Structures are given as C-alpha cells and as structure tokens.
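Below is one structure, written out as structure tokens; the observations come after it.
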Amino acid sequence: MKSALLWVSLLWPLLGSAEEGIQPAALDQMVQEALSQNPDIQAARQRWEAAKAVVPQVQTLPDPKVSVGYLNMAPQKEVMYGMSQEVPFPGKLRLRGEIASRDAERLEQDYLSTQLAIVAQLKELFYDLHFVHDSINIVSKNKLLLEGFEQTATARYSVGQTAQQDVLRAQTEISRLLARLATLEQRRQSLHADINRLLNRLPNDPLGPPQDMRFTPLHHSPDELNALLDQVSPLMHSQQKALERGDRTVALAKREYYPDFELDARGLHDTFMRTDGYQVMLNVKVPLYYATKQREGVREAVAGREASFQDLQSLRQELLARIKDNLAQAERSERLVKLLQDAIIPQSQLTLTSAQASYAVGKVDFLTLLNSLLTLQENELEYHSELAEHEKALARLEGITGVTP
C-alpha cells in the first residue's frame, strides 16, 4: 500500500508538467488554423479548382485538323493543303458547359461540407479534451481530500477511535484515483494527437490546456433548423447540384440524336498544269445506330438523374433524423446540466460537508464519509460530461446545417 501512495506522489506531478508554460488552446484560433492547414480541406479546394478549369475546355470547339498531301499521277502532280473543323450540333457545347459547371458547383459545396465536417470534428475533440482536463482537476482535488481523510483515519486509529480498515479503505481509494488519473492522462494524450492531426501538426507538437468552455443556448427551433437544412446546408446543396447535373445530362443525351458536322476546306496546286484550285466539303455524322446508341444513352441519363433524385431524398431524410437526434441530445444535456448545477451538486457538497463534520466527532463511519465524497465526484464528472455533450451536439448540428444552431 505504501508503494501505491508513493506512485501518487511521483506520477501525478508528471501528468501536469507537460503543459506548464504553454498558452491555453483557444478554439477559435484552432478553427482558423484547421481551415487554412488541414489537408482534407485543401484537397477538396483543389478538386473544386480543377473542376472549374474543366468548364471552358468542354465549351470550346474541338481542335481543328491541318492536312498536307501530295498526288503524283504522271504527268499530273498535285500538292494539297487544307484544314477541317468539327462543329457539334448547336446547343451541345452549351449543355456540356452547364454539366461541367454543375460538377464544379457540386465540388464547391463538397469543399464547404468538408470545412464544416472538419470544424465539427475539431470542436468535438476540443470539448472531449476539456472534459478530460476537468476530470483530471476533479480527481486530483478529491485525491487531496482523500489523503486528508487518510490522515484523519490514521490519527483516529492510533488512539483507538476507529478500525484499521478505514485507513486501508482510504489508501485503496487513493490508489484507484491514481489509476483513474493514468487513464485520463492516456486519453488526454490521444486527444492531443487527434487535434494535432486535424491541424496538420506533428502528433507530439505541444498543445496547451483548453480555454474555459461556456454553455451555449440554442438559437433556433427544430422547425427553423429543418428549414435551414434546405436553404443553406452544403450537404444538401451538393446533392441538389448533382440533380441539376442529371437534368442537363438528359438534355444533352437527347441532343445526341442530332448530327454533328465537319467543315473541310482544301487548296490544290497542279504543278504540271501550273493551276490552282480549292475544294470545300461538309461532312455530316449520321446517327445511324440510334436504336442501340443514342436511345440507350437517353435511358442511361434518365436513370442517372432519377438515382440523383432518390439520393437527394435519402440524404434529406438522413439529415433530418440527425438533426432530431442531436437536438434531443442537446435538450437532454441542457436539462441535466441545470439539474446538476442547481440541485444535485450543491446537495452533494452539503452532504459531504456534513459527513466530514460528523466523522470528525465519531457520529458517522468512514464508509459514509467516503461515499459522500465519491458521490460528489461522480456528480461533478457527470456535470462536465453533459456540458461537453451539449456543446458537441451543437457542433454536429452546425456541421449539418452550416449555421450556428
């Protein structure tokens, strides 16, 4: 048992020493750093930039062809030179540009969605880290109280006023708190590594303790959040752009029934007759196999458009359910936070104070005193846990709707 108490005195100072001298971690600053440094966000932005560069390409005519030829049929010899240009049927280039534009707009919404998802994930990790730090502070405080209880029990045992089991029970609980501190320290380091990953830092880069967390009330009703989902959510807008792309794809597939053209102009020079001439040709691409090509292309485009519509409906139902679920979690946590803050924790503190006074004069046993302390500890831990869960639910709602809930 003495070795366990020695661990308490040796290990716990090391748990907090790693963060001494480091500035507290501010959530707003970390959010800005993630937006500018996170690789997933930067990759999504580059995909959007690449898609925007496709638009002018597909709206441009195909490259012209230059031809040079030589004909030798003695005594006639001719030199030929010319140029041909493929011209799609009117409207096809415009529709291809609109399809590419919808792709670019969809990837823009994906980029915004990635930003929201990374920020929501960062906030959840930050709130988890805040809870871990609060837990470490609470357990550390109770460890000091238990050490005081152990000294009191030892003094009373030395004069025959209590049993030795009180001293042993106090030492056992101190060892259990040490184990809990070790678990919390491991969790803290894991959260540090996860946060540094989102910030594109090395896992072992220093990260200060989180700044104070405040309770954030809801600003929107459930109906308002559902309406915001359709109005501003990048997740919904991304799928809507895919649906609009499907509409343009169907229109282009139907336009493929119409022929494309090729203009061919050539100059001729007869070296034997020393005469010049020219040749102009119009080639028409005839959709002869429309039954197995263009018609099936329209079926493909219609089916793809219908799939995008069903994906949009499925996504909307999923996001509405997620909004409802996170609202329920936020409302539950709000009620529990108020109940714990206003009633349960103050009552537990009074119970512990009364038990301490009664134990000092021998009116209650040590088990009653210990249970009072542990009950207060669990209530305080639950308070900070529910506070973190409330803020995490709001962060998830912001990631879904795109606005602060």
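All residue names refer to the structure tokens as shown: chains lettered A, B, ... in order, residues numbered from 1 in each chain, ligands numbered from 1 in order.
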What parts of range 242-286 of chain A does DSSP call alpha helix (DSSP H)? I'd like the answer as a VMD selection string.
chain A and resid 242 to 255
How close does range 175-223 of chain A get to range 319-335 of chain A? List, as a Markdown table, each residue of range 175-223 of chain A within 10 Å, its nearest atom pair and the distance in Å to one decimal, counting only C-alpha atoms.
| residue | atom | partner | partner_atom | distance |
| --- | --- | --- | --- | --- |
| A:Phe215 | CA | A:Glu334 | CA | 8.6 |
| A:Thr216 | CA | A:Glu334 | CA | 9.4 |
| A:Pro217 | CA | A:Glu334 | CA | 8.4 |
| A:Leu218 | CA | A:Ala330 | CA | 8.6 |
| A:Ser221 | CA | A:Leu327 | CA | 9.4 |
| A:Pro222 | CA | A:Lys324 | CA | 7.6 |
Point-to-point distance from CA of Lys143 in chain A to CA of Asp128 in chain A, Å rounded to tenths
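Computing it gives 22.1 Å between the two atoms.
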Gly402 in chain A surroundings by only C-alpha atoms, 7 Å radius, close-in-sequence under 4 positions cut, as an MDAnalysis selection string:
chainID A and resid 116 232:234 398
Would you output that residue set with N, CA and C atoms, as a CSV table (one decimal), in the first residue's frame?
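Final file, result-v2.csv:
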chain,number,residue,atom,x,y,z
A,116,LEU,N,-17.0,22.2,-42.9
A,116,LEU,CA,-17.9,22.1,-41.7
A,116,LEU,C,-17.6,20.8,-41.0
A,232,VAL,N,-29.4,26.4,-46.7
A,232,VAL,CA,-28.0,26.8,-46.6
A,232,VAL,C,-27.1,25.6,-46.4
A,233,SER,N,-27.6,24.4,-46.2
A,233,SER,CA,-26.7,23.3,-45.9
A,233,SER,C,-25.9,22.9,-47.1
A,234,PRO,N,-24.6,22.9,-47.1
A,234,PRO,CA,-23.8,22.5,-48.3
A,234,PRO,C,-24.0,21.0,-48.6
A,398,GLU,N,-24.2,22.2,-36.3
A,398,GLU,CA,-23.6,23.2,-37.2
A,398,GLU,C,-23.0,22.5,-38.4
Any idea what's packed within 8 Å of range 192-202 of chain A, counting only C-alpha atoms, ignoring anything in its chain fewer than 2 positions away? Could you give it as a tab-separated table (two decimals) with N, CA and C atoms, in the first residue's frame?
chain	number	residue	atom	x	y	z
A	30	MET	N	-7.83	27.61	-33.21
A	30	MET	CA	-7.63	26.29	-33.79
A	30	MET	C	-8.53	26.08	-35.00
A	33	GLU	N	-6.88	27.79	-37.87
A	33	GLU	CA	-5.71	27.03	-38.30
A	33	GLU	C	-6.11	25.79	-39.09
A	34	ALA	N	-7.17	25.13	-38.65
A	34	ALA	CA	-7.64	23.95	-39.38
A	34	ALA	C	-8.14	24.33	-40.77
A	37	GLN	N	-4.92	24.93	-42.81
A	37	GLN	CA	-3.84	23.95	-42.86
A	37	GLN	C	-4.30	22.52	-43.05
A	38	ASN	N	-5.56	22.20	-42.78
A	38	ASN	CA	-5.99	20.81	-42.84
A	38	ASN	C	-5.87	20.24	-44.26
A	39	PRO	N	-5.21	19.10	-44.45
A	39	PRO	CA	-5.02	18.55	-45.81
A	39	PRO	C	-6.32	18.17	-46.50
A	118	ILE	N	-14.78	19.06	-40.78
A	118	ILE	CA	-13.51	19.13	-40.04
A	118	ILE	C	-13.66	20.02	-38.81
A	122	LEU	N	-13.23	18.89	-35.03
A	122	LEU	CA	-12.28	19.58	-34.16
A	122	LEU	C	-12.96	20.04	-32.87
A	125	LEU	N	-13.55	17.12	-30.53
A	125	LEU	CA	-12.31	16.73	-29.84
A	125	LEU	C	-11.93	17.75	-28.78
A	126	PHE	N	-12.15	19.04	-29.07
A	126	PHE	CA	-11.83	20.09	-28.11
A	126	PHE	C	-12.68	19.93	-26.85
A	129	LEU	N	-11.54	17.02	-24.90
A	129	LEU	CA	-10.32	17.37	-24.18
A	129	LEU	C	-10.63	18.23	-22.96
A	188	ARG	N	-6.00	12.05	-22.61
A	188	ARG	CA	-5.58	13.42	-22.95
A	188	ARG	C	-4.54	13.39	-24.06
A	189	GLN	N	-3.57	12.50	-23.97
A	189	GLN	CA	-2.55	12.43	-25.00
A	189	GLN	C	-3.13	12.00	-26.35
A	190	SER	N	-4.08	11.08	-26.32
A	190	SER	CA	-4.72	10.64	-27.56
A	190	SER	C	-5.49	11.78	-28.21
A	204	ASN	N	3.25	14.96	-31.61
A	204	ASN	CA	3.86	15.36	-30.34
A	204	ASN	C	4.03	16.87	-30.20
A	205	ASP	N	3.56	17.64	-31.17
A	205	ASP	CA	3.64	19.09	-31.03
A	205	ASP	C	2.86	19.55	-29.80
A	207	LEU	N	0.45	21.32	-27.17
A	207	LEU	CA	-0.92	21.86	-27.22
A	207	LEU	C	-1.33	22.20	-25.80
Write out as number ranges by chain the residues lying within 8 Å of Ala253 in chain A, counting only C-alpha atoms and excluding same-chain residues fewer than 3 positions away.
A: 249-250, 256-257, 294, 297-298, 301
Between A:Arg396, A:Ala355, A:Gly246, A:Met83, smallest distance to Glu300 in chain A by only C-alpha atoms belongs to A:Gly246
Enumerate, as a list of chain:residue names, the complete set of residues in range 50-84 of chain A that a backbone-based DSSP assignment places in strand (DSSP E or B).
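Selecting the strand (DSSP E or B) positions of range 50-84 of chain A gives A:Lys65, A:Val66, A:Ser67, A:Val68, A:Gly69, A:Tyr70, A:Leu71, A:Asn72, A:Met73, A:Gln76, A:Lys77, A:Glu78, A:Val79, A:Met80, A:Tyr81, A:Gly82, A:Met83, A:Ser84.
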Could you please determine the separation between CA of Asp260 in chain A and CA of Gly91 in chain A in Å, to one decimal place?
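We find that CA of Asp260 in chain A and CA of Gly91 in chain A lie 11.0 Å from each other.
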Two-atom distance - CA of Thr114 in chain A, CA of Gln310 in chain A (Å):
22.5 Å
